[in-house]
>>> print(open('work.txt').read())   # compact mmCIF, C-alpha atoms
# COMPACT_ATOMS: atom_id res chain seq x y z
CA MET T 19 186.83 33.45 0.42
CA THR T 20 189.38 35.39 -1.55
CA PHE T 21 188.40 38.79 -2.86
CA SER T 22 189.08 39.38 -6.54
CA ILE T 23 189.53 42.87 -7.95
CA LYS T 24 186.69 44.17 -10.10
CA GLN T 25 187.83 47.75 -10.60
CA VAL T 26 190.57 50.18 -9.60
CA VAL T 27 189.98 53.92 -9.77
CA PHE T 28 192.11 56.91 -8.87
CA ASP T 29 190.60 59.41 -6.45
CA PRO T 30 190.09 62.54 -8.58
CA PHE T 31 190.58 64.77 -5.55
CA GLY T 32 194.04 63.73 -4.48
CA LYS T 33 196.63 61.00 -4.55
CA GLY T 34 194.31 58.30 -3.28
CA ALA T 35 192.75 55.33 -5.01
CA TYR T 36 189.88 52.91 -4.64
CA VAL T 37 189.73 49.18 -5.27
CA LEU T 38 186.37 47.42 -5.66
CA ALA T 39 186.58 43.69 -5.03
CA SER T 40 184.26 40.75 -4.50
CA ASP T 41 184.56 37.19 -3.23
CA GLY T 42 181.66 36.07 -5.38
CA THR T 43 179.16 36.59 -2.58
CA ASP T 44 179.96 39.94 -1.01
CA SER T 45 181.75 43.08 -2.13
CA ALA T 46 183.77 45.82 -0.47
CA VAL T 47 185.84 48.84 -1.38
CA TRP T 48 189.38 49.36 -0.18
CA SER T 49 190.80 52.88 -0.23
CA THR T 50 194.17 54.47 0.29
CA PRO T 51 194.84 58.19 0.81
CA ASP T 52 198.14 58.10 -1.09
CA VAL T 53 198.73 55.45 -3.70
CA TYR T 54 202.26 56.78 -4.27
CA ALA T 55 203.39 56.27 -0.67
CA ALA T 56 206.20 53.80 -0.12
CA VAL T 57 204.12 51.93 2.43
CA GLN T 58 200.50 51.50 1.47
CA VAL T 59 197.72 51.75 4.01
CA TRP T 60 194.53 50.29 2.58
CA THR T 61 191.32 50.68 4.55
CA LYS T 62 188.49 48.27 3.91
CA GLY T 63 184.99 49.75 3.85
CA ALA T 64 181.69 48.14 4.71
CA THR T 65 180.95 44.74 3.23
CA LYS T 66 177.87 44.73 1.01
CA PRO T 67 176.05 41.54 0.00
CA GLY T 68 176.21 40.88 -3.73
CA VAL T 69 178.74 41.15 -6.53
CA TYR T 70 179.39 44.75 -7.55
CA THR T 71 181.42 45.29 -10.71
CA ILE T 72 181.67 49.04 -11.28
CA LEU T 73 182.92 51.89 -9.11
CA ARG T 74 182.51 55.50 -10.17
CA THR T 75 183.76 58.54 -8.31
CA THR T 76 181.74 61.77 -8.33
CA ASN T 77 182.40 65.49 -8.11
CA ILE T 78 182.21 65.28 -4.32
CA PRO T 79 185.32 64.31 -2.35
CA ASP T 80 185.19 60.85 -0.75
CA ALA T 81 181.96 60.01 -2.58
CA PHE T 82 181.42 57.21 -5.06
CA PHE T 83 178.85 54.80 -6.46
CA ILE T 84 179.14 51.05 -6.78
CA TYR T 85 176.95 49.19 -9.28
CA GLY T 86 175.92 45.55 -9.17
CA PRO T 87 174.22 44.23 -12.31
CA GLN T 88 172.77 41.11 -10.72
CA VAL T 89 172.30 41.32 -6.99
CA THR T 90 169.95 39.05 -5.10
CA LEU T 91 167.88 41.17 -2.79
CA PRO T 92 167.58 40.06 0.82
CA PRO T 93 164.67 37.78 1.68
CA SER T 94 161.52 39.09 3.27
CA ASP T 95 159.65 38.06 6.40
CA CYS T 96 156.37 39.31 5.07
CA ALA T 97 152.93 38.14 6.05
CA PRO T 98 149.90 37.69 3.77
CA PHE T 99 148.44 40.82 2.25
CA TYR T 100 145.74 41.50 -0.29
CA TYR T 101 144.63 44.66 -1.99
CA ASP T 102 142.35 45.37 -4.90
CA LEU T 103 142.42 48.68 -6.73
CA ARG T 104 140.72 50.01 -9.82
CA ILE T 105 141.90 53.15 -11.54
CA GLN T 106 140.66 54.81 -14.70
CA LEU T 107 142.58 57.43 -16.64
CA TYR T 108 141.45 59.59 -19.49
CA ASP T 109 142.09 62.83 -21.43
CA TRP T 110 145.80 62.73 -22.20
CA ALA T 111 146.04 66.41 -22.80
CA VAL T 112 148.27 68.08 -20.26
CA GLU T 113 151.27 66.92 -18.37
CA VAL T 114 150.67 65.82 -14.84
CA GLY T 115 152.39 68.00 -12.27
CA ASN T 116 152.63 66.34 -8.95
CA TRP T 117 151.63 62.79 -8.45
CA VAL T 118 148.07 62.21 -7.38
CA SER T 119 147.80 60.33 -4.14
CA THR T 120 144.90 58.42 -2.80
CA GLU T 121 144.23 55.89 -0.15
CA GLY T 122 140.88 55.06 -1.59
CA VAL T 123 139.83 52.47 -4.11
CA ASN T 124 139.09 54.62 -7.12
CA GLY T 125 140.89 57.55 -8.65
CA VAL T 126 140.76 59.53 -11.88
CA TRP T 127 143.62 61.54 -13.35
CA ASP T 128 144.35 63.49 -16.49
CA GLY T 129 147.80 63.53 -17.99
CA PHE T 130 150.12 63.23 -20.93
CA GLU T 131 152.13 60.61 -19.15
CA MET T 132 150.48 58.55 -16.55
CA GLN T 133 151.97 59.02 -13.15
CA ALA T 134 149.81 57.72 -10.36
CA ARG T 135 150.98 57.30 -6.83
CA ILE T 136 149.01 55.03 -4.63
CA ARG T 137 149.98 54.81 -1.03
CA LEU T 138 149.35 51.53 0.63
CA ASP T 139 150.07 51.39 4.32
CA CYS T 140 150.76 47.81 4.98
CA THR T 141 150.57 47.11 8.69
CA ALA T 142 151.87 43.60 8.21
CA PRO T 143 154.83 42.82 6.02
CA LEU T 144 154.26 41.22 2.67
CA ASP T 145 154.90 37.59 2.05
CA PRO T 146 158.32 37.15 0.40
CA ASN T 147 156.74 35.32 -2.50
CA SER T 148 153.84 37.68 -3.06
CA THR T 149 153.19 38.95 -6.52
CA ILE T 150 151.46 42.02 -7.86
CA THR T 151 149.58 41.64 -11.10
CA VAL T 152 148.85 44.87 -12.90
CA ALA T 153 146.43 44.73 -15.79
CA TRP T 154 146.01 47.67 -18.11
CA TYR T 155 144.68 48.65 -21.48
CA ASN T 156 146.86 50.38 -24.09
CA GLN T 157 145.18 52.33 -26.80
CA ASP T 158 146.93 53.07 -30.09
CA LEU T 159 150.50 52.76 -28.91
CA GLU T 160 153.65 53.23 -30.92
CA THR T 161 155.25 50.32 -32.71
CA ASN T 162 157.38 49.09 -29.89
CA GLY T 163 154.51 49.03 -27.47
CA SER T 164 154.63 50.05 -23.87
CA ARG T 165 156.27 48.93 -20.71
CA MET T 166 154.64 49.41 -17.36
CA GLN T 167 157.06 50.45 -14.66
CA VAL T 168 156.28 49.92 -11.02
CA GLN T 169 158.36 51.52 -8.29
CA TRP T 170 158.13 50.97 -4.59
CA TYR T 171 159.09 53.61 -2.04
CA ASP T 172 159.39 53.45 1.71
CA SER T 173 157.64 55.84 4.09
CA GLY T 174 160.44 58.37 3.61
CA MET T 175 159.93 58.23 -0.17
CA ASN T 176 163.24 56.48 -0.71
CA LEU T 177 163.15 54.27 -3.77
CA LEU T 178 163.20 50.62 -2.79
CA ARG T 179 163.10 49.00 -6.19
CA THR T 180 161.91 49.38 -9.75
CA GLU T 181 160.60 46.78 -12.11
CA TYR T 182 159.56 47.07 -15.73
CA SER T 183 157.20 44.79 -17.58
CA THR T 184 158.24 43.40 -20.91
CA SER T 185 157.14 45.42 -23.93
CA LYS T 186 153.45 45.07 -24.59
CA PRO T 187 151.38 45.79 -27.70
CA ALA T 188 148.18 47.78 -27.89
CA GLY T 189 145.19 46.25 -26.23
CA GLU T 190 144.74 44.49 -22.96
CA ASN T 191 147.90 43.59 -21.12
CA SER T 192 149.00 42.43 -17.75
CA PHE T 193 152.26 41.78 -16.01
CA THR T 194 153.11 40.19 -12.70
CA TYR T 195 155.67 41.87 -10.51
CA SER T 196 157.40 40.39 -7.51
CA THR T 197 157.11 42.19 -4.19
CA ASN T 198 160.58 40.81 -3.56
CA GLY T 199 161.16 41.74 0.01
CA ILE T 200 159.14 44.93 0.28
CA THR T 201 157.95 45.31 3.84
CA GLY T 202 155.99 47.73 5.95
CA ALA T 203 154.43 50.92 4.68
CA VAL T 204 155.11 51.40 1.00
CA THR T 205 154.19 53.88 -1.67
CA TRP T 206 153.83 52.65 -5.22
CA LYS T 207 154.32 54.60 -8.39
CA PHE T 208 153.09 53.32 -11.73
CA GLN T 209 154.38 54.79 -14.93
CA LEU T 210 153.73 53.82 -18.50
CA VAL T 211 156.89 54.35 -20.50
CA ASN T 212 157.28 54.91 -24.26
CA THR T 213 153.96 56.62 -24.63
CA GLN T 214 153.15 59.34 -27.12
CA ASN T 215 150.86 62.28 -26.89
CA GLY T 216 147.28 61.36 -27.52
CA HIS T 217 147.58 57.83 -26.30
CA SER T 218 145.74 56.55 -23.33
CA ILE T 219 145.89 53.84 -20.80
CA ILE T 220 143.50 52.38 -18.33
CA ILE T 221 144.67 50.42 -15.36
CA ARG T 222 141.88 47.97 -14.97
CA THR T 223 142.95 46.12 -11.88
CA LEU T 224 145.82 45.93 -9.54
CA GLU T 225 145.92 42.91 -7.34
CA ILE T 226 148.30 41.66 -4.73
CA THR T 227 148.07 37.96 -4.09
CA ASN T 228 149.76 35.57 -1.79
CA PRO T 229 151.03 32.15 -2.75
CA MET Y 16 165.01 37.23 -8.09
CA THR Y 17 167.93 39.49 -8.92
CA ASP Y 18 167.97 43.18 -9.61
CA VAL Y 19 170.42 45.89 -10.43
CA LEU Y 20 171.55 47.45 -7.18
CA ILE Y 21 173.38 50.76 -6.81
CA GLN Y 22 174.99 51.93 -3.59
CA TYR Y 23 176.19 55.43 -2.83
CA SER Y 24 178.82 56.32 -0.25
CA THR Y 25 180.09 59.71 0.86
CA ASP Y 26 182.75 58.44 3.26
CA ARG Y 27 185.00 56.29 1.09
CA GLY Y 28 182.86 53.21 1.55
CA ALA Y 29 182.76 53.12 5.34
CA THR Y 30 178.99 53.43 5.10
CA TYR Y 31 176.42 53.60 2.31
CA THR Y 32 173.53 56.01 2.39
CA GLY Y 33 171.04 53.59 0.91
CA SER Y 34 170.61 51.22 -1.95
CA GLN Y 35 168.71 51.81 -5.14
CA SER Y 36 167.24 49.17 -7.36
CA PRO Y 37 166.43 50.90 -10.63
CA GLY Y 38 165.25 47.79 -12.43
CA THR Y 39 165.61 44.12 -13.17
CA SER Y 40 169.00 42.69 -13.99
CA PRO Y 41 170.47 42.95 -17.49
CA GLY Y 42 172.47 39.78 -16.71
CA THR Y 43 175.87 39.33 -15.15
CA VAL Y 44 177.30 42.32 -17.03
CA GLY Y 45 175.85 45.81 -17.00
CA GLY Y 46 177.07 49.36 -17.53
CA PHE Y 47 177.01 52.35 -15.23
CA ASP Y 48 178.60 55.78 -15.32
CA VAL Y 49 178.41 59.15 -13.64
CA GLN Y 50 178.77 62.55 -15.25
CA ARG Y 51 182.26 63.90 -14.53
CA ALA Y 52 181.35 67.21 -12.86
CA GLY Y 53 177.58 66.95 -12.56
CA THR Y 54 175.03 64.78 -10.84
CA VAL Y 55 173.57 62.71 -13.65
CA SER Y 56 174.15 58.97 -13.71
CA TYR Y 57 173.10 56.32 -16.19
CA ALA Y 58 172.56 52.66 -15.27
CA ALA Y 59 171.92 49.56 -17.31
CA ILE Y 60 168.90 47.42 -16.48
CA ASP Y 61 167.11 44.73 -18.45
CA GLU Y 62 166.94 45.94 -22.08
CA ALA Y 63 167.16 49.60 -21.11
CA VAL Y 64 169.28 52.36 -19.66
CA VAL Y 65 167.78 54.47 -16.89
CA LYS Y 66 168.79 57.89 -15.67
CA ALA Y 67 168.99 59.66 -12.33
CA SER Y 68 169.45 63.43 -12.27
CA THR Y 69 170.76 63.69 -8.74
CA PHE Y 70 172.97 61.59 -6.50
CA GLY Y 71 170.67 59.13 -4.80
CA GLY Y 72 167.75 60.32 -6.93
CA ILE Y 73 165.13 58.19 -8.57
CA TYR Y 74 166.04 56.43 -11.79
CA SER Y 75 163.60 56.78 -14.65
CA ALA Y 76 163.43 55.63 -18.26
CA PHE Y 77 166.06 56.98 -20.67
CA ILE Y 78 166.50 54.62 -23.61
CA VAL Y 79 165.27 51.16 -24.52
CA THR Y 80 167.56 48.50 -26.02
CA THR Y 81 164.97 45.96 -26.97
CA GLY Y 82 166.34 42.43 -27.00
CA ALA Y 83 169.84 43.44 -25.88
CA ALA Y 84 171.66 44.06 -22.61
CA PRO Y 85 173.52 47.35 -22.16
CA VAL Y 86 176.82 45.94 -20.95
CA CYS Y 87 178.79 49.19 -20.98
CA VAL Y 88 177.72 52.80 -20.42
CA ILE Y 89 180.17 55.69 -20.66
CA VAL Y 90 179.55 59.41 -20.19
CA PRO Y 91 182.25 61.05 -22.34
CA TYR Y 92 183.93 64.30 -21.38
CA TYR Y 93 182.95 65.99 -24.66
CA THR Y 94 179.87 65.93 -26.85
CA ARG Y 95 179.99 63.94 -30.04
CA ASN Y 96 182.49 65.19 -32.62
CA SER Y 97 183.38 68.22 -30.51
CA THR Y 98 186.76 69.16 -29.12
CA THR Y 99 185.38 72.20 -27.31
CA VAL Y 100 181.88 71.50 -25.97
CA LYS Y 101 182.14 69.63 -22.70
CA ASN Y 102 179.68 66.98 -21.61
CA THR Y 103 180.69 67.05 -17.96
CA THR Y 104 177.88 69.22 -16.61
CA GLY Y 105 174.25 69.92 -17.41
CA ALA Y 106 171.02 68.01 -17.07
CA THR Y 107 171.18 66.08 -20.34
CA PRO Y 108 174.64 64.63 -20.88
CA GLU Y 109 175.34 62.39 -23.84
CA CYS Y 110 176.50 58.82 -23.34
CA LEU Y 111 177.81 55.81 -25.21
CA VAL Y 112 176.09 52.46 -24.78
CA ALA Y 113 177.51 49.10 -25.88
CA LEU Y 114 175.21 46.06 -26.13
CA ASP Y 115 175.68 42.31 -25.95
CA GLN Y 116 173.88 41.98 -29.27
CA ALA Y 117 172.15 44.20 -31.77
CA ASP Y 118 168.95 45.63 -30.34
CA GLY Y 119 165.64 46.28 -32.03
CA ASP Y 120 167.09 49.33 -33.76
CA GLY Y 121 169.84 47.25 -35.35
CA GLY Y 122 172.96 48.53 -33.60
CA SER Y 123 175.18 47.25 -30.82
CA LEU Y 124 177.07 50.48 -30.11
CA TYR Y 125 175.27 53.81 -29.80
CA TRP Y 126 176.22 57.38 -29.13
CA VAL Y 127 173.13 58.61 -27.29
CA ALA Y 128 172.19 62.29 -27.26
CA GLY Y 129 170.95 63.94 -24.10
CA ASP Y 130 167.35 63.61 -25.25
CA GLY Y 131 167.74 59.85 -25.71
CA THR Y 132 168.21 59.88 -29.48
CA LYS Y 133 170.39 56.92 -30.43
CA THR Y 134 172.96 57.15 -33.23
CA ASP Y 135 174.22 53.77 -34.39
CA ILE Y 136 178.03 53.80 -34.44
CA THR Y 137 178.61 50.04 -34.46
CA PRO Y 138 182.16 49.56 -35.78
CA THR Y 139 181.34 46.56 -37.94
CA ALA Y 140 178.19 44.54 -38.52
CA GLY Y 141 177.76 41.73 -36.02
CA MET Y 142 180.16 43.14 -33.43
CA THR Y 143 179.01 42.53 -29.86
CA PHE Y 144 180.30 43.52 -26.45
CA ASP Y 145 180.66 41.70 -23.14
CA SER Y 146 182.57 43.98 -20.77
CA PRO Y 147 181.51 46.98 -18.66
CA ASN Y 148 184.92 48.51 -19.46
CA CYS Y 149 185.05 48.10 -23.24
CA VAL Y 150 184.66 51.73 -24.41
CA THR Y 151 186.82 54.82 -23.94
CA THR Y 152 186.88 58.25 -25.56
CA SER Y 153 189.19 61.20 -26.00
CA TYR Y 154 187.35 64.42 -26.81
CA GLY Y 155 184.19 63.84 -28.82
CA THR Y 156 186.03 62.50 -31.82
CA HIS Y 157 188.22 59.66 -30.64
CA ILE Y 158 186.60 56.38 -29.57
CA ALA Y 159 188.26 53.05 -28.86
CA VAL Y 160 186.41 49.81 -28.14
CA PHE Y 161 187.03 46.11 -27.88
CA GLY Y 162 184.37 43.55 -28.67
CA LEU Y 163 183.61 40.28 -30.34
CA VAL Y 164 183.52 39.80 -34.11
CA SER Y 165 182.58 36.25 -35.08
CA GLY Y 166 183.69 35.07 -31.65
CA THR Y 167 187.09 36.81 -31.69
CA TYR Y 168 187.98 39.95 -29.78
CA HIS Y 169 189.01 42.92 -31.90
CA LEU Y 170 190.22 46.40 -31.03
CA TYR Y 171 188.54 49.11 -33.09
CA THR Y 172 189.30 52.81 -33.04
CA SER Y 173 187.63 55.85 -34.55
CA THR Y 174 188.76 59.45 -34.89
CA SER Y 175 185.43 60.63 -36.32
CA GLY Y 176 183.02 60.14 -33.46
CA GLY Y 177 182.19 56.66 -34.70
CA THR Y 178 181.41 57.55 -38.30
CA SER Y 179 184.28 55.38 -39.53
CA TRP Y 180 186.39 52.79 -37.75
CA THR Y 181 189.73 51.03 -38.09
CA ASP Y 182 190.29 47.43 -37.01
CA ARG Y 183 193.50 47.45 -34.93
CA GLY Y 184 193.72 43.70 -34.70
CA VAL Y 185 192.87 40.71 -32.55
CA LEU Y 186 192.91 40.55 -28.76
CA THR Y 187 192.85 37.43 -26.60
CA ALA Y 188 191.26 38.31 -23.26
CA PRO Y 189 190.68 42.06 -23.03
CA HIS Y 190 189.39 43.44 -19.76
CA PHE Y 191 189.85 47.22 -19.66
CA ILE Y 192 190.40 50.03 -22.09
CA ARG Y 193 191.37 53.51 -20.97
CA THR Y 194 192.83 56.73 -22.23
CA ARG Y 195 194.50 59.56 -20.33
CA ARG Y 196 192.11 62.23 -19.12
CA ASN Y 197 194.61 65.05 -19.58
CA ASP Y 198 196.02 63.91 -22.92
CA THR Y 199 195.24 66.77 -25.30
CA ARG Y 200 196.90 65.39 -28.41
CA ALA Y 201 193.73 63.91 -29.88
CA LYS Y 202 192.44 67.47 -30.25
CA ALA Y 203 194.75 67.83 -33.23
CA GLY Y 204 192.86 65.05 -35.01
CA GLY Y 205 194.16 61.91 -36.69
CA ASN Y 206 195.73 58.98 -34.93
CA LYS Y 207 196.82 60.82 -31.83
CA GLY Y 208 196.15 60.09 -28.20
CA GLN Y 209 197.30 57.54 -25.70
CA LEU Y 210 195.48 54.26 -25.29
CA PHE Y 211 195.85 51.52 -22.68
CA VAL Y 212 194.28 48.07 -23.07
CA THR Y 213 194.58 45.10 -20.75
CA ASP Y 214 194.70 41.77 -22.59
CA GLY Y 215 195.12 38.78 -20.30
CA ASN Y 216 198.28 39.50 -18.31
CA THR Y 217 199.49 42.08 -20.82
CA ILE Y 218 198.99 45.83 -20.91
CA LEU Y 219 198.98 47.20 -24.44
CA TYR Y 220 200.02 50.82 -24.81
CA SER Y 221 199.59 53.03 -27.83
CA ARG Y 222 200.53 56.67 -28.33
CA ASP Y 223 198.89 56.86 -31.76
CA TRP Y 224 195.34 55.77 -30.88
CA GLY Y 225 195.89 52.11 -31.54
CA ALA Y 226 197.89 52.31 -34.78
CA THR Y 227 200.91 50.92 -32.96
CA LEU Y 228 200.55 48.79 -29.83
CA HIS Y 229 203.39 48.11 -27.41
CA ALA Y 230 202.98 45.14 -25.06
CA ARG Y 231 204.13 44.97 -21.47
CA THR Y 232 203.54 41.57 -19.88
CA MET Y 233 202.86 41.45 -16.16
CA PRO Y 234 203.92 38.58 -13.87
CA VAL Y 235 200.34 37.75 -13.01
CA THR Y 236 197.65 35.54 -14.51
CA GLY Y 237 195.48 38.48 -15.49
CA VAL Y 238 195.25 42.23 -15.17
CA LEU Y 239 191.90 42.75 -13.44
CA GLY Y 240 191.84 46.51 -13.09
CA LEU Y 241 193.30 49.54 -14.80
CA ASP Y 242 193.07 53.27 -14.33
CA ILE Y 243 195.32 56.02 -15.60
CA ALA Y 244 196.42 58.90 -13.42
CA GLY Y 245 196.35 62.27 -15.12
>>> encode(input="work.txt", output="structure tokens")
Amino acid sequence: MTFSIKQVVFDPFGKGAYVLASDGTDSAVWSTPDVYAAVQVWTKGATKPGVYTILRTTNIPDAFFIYGPQVTLPPSDCAPFYYDLRIQLYDWAVEVGNWVSTEGVNGVWDGFEMQARIRLDCTAPLDPNSTITVAWYNQDLETNGSRMQVQWYDSGMNLLRTEYSTSKPAGENSFTYSTNGITGAVTWKFQLVNTQNGHSIIIRTLEITNP
Amino acid sequence: MTDVLIQYSTDRGATYTGSQSPGTSPGTVGGFDVQRAGTVSYAAIDEAVVKASTFGGIYSAFIVTTGAAPVCVIVPYYTRNSTTVKNTTGATPECLVALDQADGDGGSLYWVAGDGTKTDITPTAGMTFDSPNCVTTSYGTHIAVFGLVSGTYHLYTSTSGGTSWTDRGVLTAPHFIRTRRNDTRAKAGGNKGQLFVTDGNTILYSRDWGATLHARTMPVTGVLGLDIAG
């Protein structure tokens, strides 16, 4: 496949430049140390699956980000897994400091903004088509409602992925998230976004099911 | 299932230190930018822009763009309407966000304060955007954008931080818009400052912030990338 240029960016630390390109399936960055040289020497970096469209340099030499707006994550080889969790939250008075962790079934936290971390050590990988349905209750939310964010972290607390629900009104709500390739030991963080002081939420159930 | 995916490299792309998926996909076009001399980055996801405070850090909610995809995100070098206060460092940089349609707050182009407050600076009602490279700024006063008005691309410029705009005419297939980082002439106000716009296989150049455009046609089918040195 032929690579097509998505972005060209000068290296802010010298005379070099970067070219981000994709063949429609994979992407890679080519770099040159001196874009003004008579004979160009372009070095191709690692090939990454997916179409990346933006490259941004940083304030660190040789460092940059690439951004892909619509990348299909790699498939999973997960096995069946099931978990059932019930959490209740109350008294939205003070901001939560550190996340509260538990490996048990029930937990109670106080906080202005709900931040609950539940560590699930999954000895067997998840099925690639597993889903996680989170049901919660919103009380007296602002006009635009709330969105429940779920984040998955690996055992080193590196963020694996984030997913938001659609906006939900006050009352009982639920949203189904895709495990989407998460394997092994994972830590989950749940966060209700767009909340206001004095509002409350109750996570009624959290359930992982297999197809 | 597709997500936004962000990769970070510290060795010119030879390796990547890990991928981040800050949220579900906004579609085939999404915006992303990094603070010039700091560590904050903003990324578009589905109907929202998320923020990370450190390189490789966790992305969390910043603004919501209900019903619209943030197709372009730019962190300008200066705060809005300032020619002295830089936006290149600090924990709460401002940004500009262009959307593929008007969101729940009624705008399609916003100057967003560091606390997430959105100011609607849409050039003209109904204007929409479809490129991750459709916005550029010079100081906090001069903005130039291209977008769709009734299905036709237009170039709009502002010298008032988006308070008022001038339609600079029709474009055919715009891809990139850039200004010179070290061009200080816009500081004097008015239609000053250099502007570069790719339109199909043509590069349009202006030295008066879009008032006059000079075309240079390239012997290619399309100009796919553009950056300005200096």
>>> residues_around(input="work.txt", residues="Gly162 (chain Y)", least_positions_apart="3", cutoff="12 Å", atoms="all atoms listed in the file", output="PyMOL selection string")
chain Y and resi 86-87+113-116+123-124+137-150+159+165-172+182-192
>>> interface_residues(input="work.txt", of="chain Y", to="chain T", cutoff="7 Å", atoms="all atoms listed in the file", output="MDAnalysis selection string")
chainID Y and resid 16:30 35:45 47:49 51:53 73 239:242 244
>>> atom_distance(input="work.txt", atom1="CA of Asn102 (chain Y)", atom2="CA of Trp180 (chain Y)")
22.5 Å
>>> residues_around(input="work.txt", residues="Ala203 (chain Y)", least_positions_apart="2", cutoff="12 Å", atoms="all atoms listed in the file", output="tab-separated table (two decimals) with C-alpha atoms, keeping the file's coordinate frame")
chain	number	residue	atom	x	y	z
Y	97	SER	CA	183.38	68.22	-30.51
Y	98	THR	CA	186.76	69.16	-29.12
Y	99	THR	CA	185.38	72.20	-27.31
Y	153	SER	CA	189.19	61.20	-26.00
Y	154	TYR	CA	187.35	64.42	-26.81
Y	156	THR	CA	186.03	62.50	-31.82
Y	157	HIS	CA	188.22	59.66	-30.64
Y	174	THR	CA	188.76	59.45	-34.89
Y	198	ASP	CA	196.02	63.91	-22.92
Y	199	THR	CA	195.24	66.77	-25.30
Y	200	ARG	CA	196.90	65.39	-28.41
Y	201	ALA	CA	193.73	63.91	-29.88
Y	205	GLY	CA	194.16	61.91	-36.69
Y	206	ASN	CA	195.73	58.98	-34.93
Y	207	LYS	CA	196.82	60.82	-31.83
Y	208	GLY	CA	196.15	60.09	-28.20
Y	223	ASP	CA	198.89	56.86	-31.76
>>> atom_distance(input="work.txt", atom1="CA of Ala117 (chain Y)", atom2="CA of Phe193 (chain T)")
25.5 Å
>>> residues_around(input="work.txt", residues="Arg231 (chain Y)", least_positions_apart="6", cutoff="9 Å", atoms="only C-alpha atoms", output="list in words")
Asn216, Thr217, Ile218, Leu219 and Tyr220 of chain Y
>>> atom_distance(input="work.txt", atom1="CA of Val79 (chain Y)", atom2="CA of Tyr57 (chain Y)")
12.5 Å
>>> residues_around(input="work.txt", residues="Trp126 (chain Y)", least_positions_apart="6", cutoff="7 Å", atoms="only C-alpha atoms", output="VMD selection string")
chain Y and resid 110 to 112 133 to 136
>>> axis_aligned_box(input="work.txt", around="region 150-159 of chain Y", padding_each_side="3 Å", output="lines of an AutoDock Vina configuration file")
center_x = 186.7
center_y = 58.1
center_z = -27.9
size_x = 11.0
size_y = 18.7
size_z = 13.9
>>> closest_residue(input="work.txt", among="Y:Gly129, Y:Glu109, Y:Arg195, Y:Ile89", to="Val160 (chain Y)", atoms="only C-alpha atoms")
Y:Ile89
>>> residues_around(input="work.txt", residues="Lys101 (chain Y)", least_positions_apart="6", cutoff="9 Å", atoms="only C-alpha atoms", output="list in words")
Pro91, Tyr92, Tyr93, Thr94, Tyr154 and Gly155 of chain Y
>>> build_atoms(input="work.txt", residues="region 146-158 of chain Y", atoms="N, CA and C atoms", output="PDB file, in the coordinates of the input")
ATOM      1  N   SER Y 146     181.831  43.455 -21.912  1.00  0.00           N
ATOM      2  CA  SER Y 146     182.570  43.980 -20.770  1.00  0.00           C
ATOM      3  C   SER Y 146     182.029  45.353 -20.376  1.00  0.00           C
ATOM      4  N   PRO Y 147     181.934  45.645 -19.077  1.00  0.00           N
ATOM      5  CA  PRO Y 147     181.510  46.980 -18.660  1.00  0.00           C
ATOM      6  C   PRO Y 147     182.597  48.038 -18.839  1.00  0.00           C
ATOM      7  N   ASN Y 148     183.773  47.599 -19.311  1.00  0.00           N
ATOM      8  CA  ASN Y 148     184.920  48.510 -19.460  1.00  0.00           C
ATOM      9  C   ASN Y 148     185.478  48.464 -20.875  1.00  0.00           C
ATOM     10  N   CYS Y 149     184.595  48.361 -21.878  1.00  0.00           N
ATOM     11  CA  CYS Y 149     185.050  48.100 -23.240  1.00  0.00           C
ATOM     12  C   CYS Y 149     185.064  49.345 -24.128  1.00  0.00           C
ATOM     13  N   VAL Y 150     184.740  50.511 -23.587  1.00  0.00           N
ATOM     14  CA  VAL Y 150     184.660  51.730 -24.410  1.00  0.00           C
ATOM     15  C   VAL Y 150     185.428  52.851 -23.713  1.00  0.00           C
ATOM     16  N   THR Y 151     186.192  53.626 -24.474  1.00  0.00           N
ATOM     17  CA  THR Y 151     186.820  54.820 -23.940  1.00  0.00           C
ATOM     18  C   THR Y 151     186.807  55.899 -25.025  1.00  0.00           C
ATOM     19  N   THR Y 152     186.903  57.144 -24.602  1.00  0.00           N
ATOM     20  CA  THR Y 152     186.880  58.250 -25.560  1.00  0.00           C
ATOM     21  C   THR Y 152     187.939  59.286 -25.201  1.00  0.00           C
ATOM     22  N   SER Y 153     188.340  60.037 -26.203  1.00  0.00           N
ATOM     23  CA  SER Y 153     189.190  61.200 -26.000  1.00  0.00           C
ATOM     24  C   SER Y 153     188.591  62.316 -26.840  1.00  0.00           C
ATOM     25  N   TYR Y 154     188.163  63.395 -26.161  1.00  0.00           N
ATOM     26  CA  TYR Y 154     187.350  64.420 -26.810  1.00  0.00           C
ATOM     27  C   TYR Y 154     186.102  63.751 -27.398  1.00  0.00           C
ATOM     28  N   GLY Y 155     185.399  64.441 -28.263  1.00  0.00           N
ATOM     29  CA  GLY Y 155     184.190  63.840 -28.820  1.00  0.00           C
ATOM     30  C   GLY Y 155     184.427  63.161 -30.147  1.00  0.00           C
ATOM     31  N   THR Y 156     185.675  63.054 -30.520  1.00  0.00           N
ATOM     32  CA  THR Y 156     186.030  62.500 -31.820  1.00  0.00           C
ATOM     33  C   THR Y 156     186.629  61.100 -31.736  1.00  0.00           C
ATOM     34  N   HIS Y 157     187.453  60.890 -30.713  1.00  0.00           N
ATOM     35  CA  HIS Y 157     188.220  59.660 -30.640  1.00  0.00           C
ATOM     36  C   HIS Y 157     187.519  58.629 -29.743  1.00  0.00           C
ATOM     37  N   ILE Y 158     187.236  57.474 -30.301  1.00  0.00           N
ATOM     38  CA  ILE Y 158     186.600  56.380 -29.570  1.00  0.00           C
ATOM     39  C   ILE Y 158     187.453  55.131 -29.785  1.00  0.00           C
TER      40      ILE Y 158
END
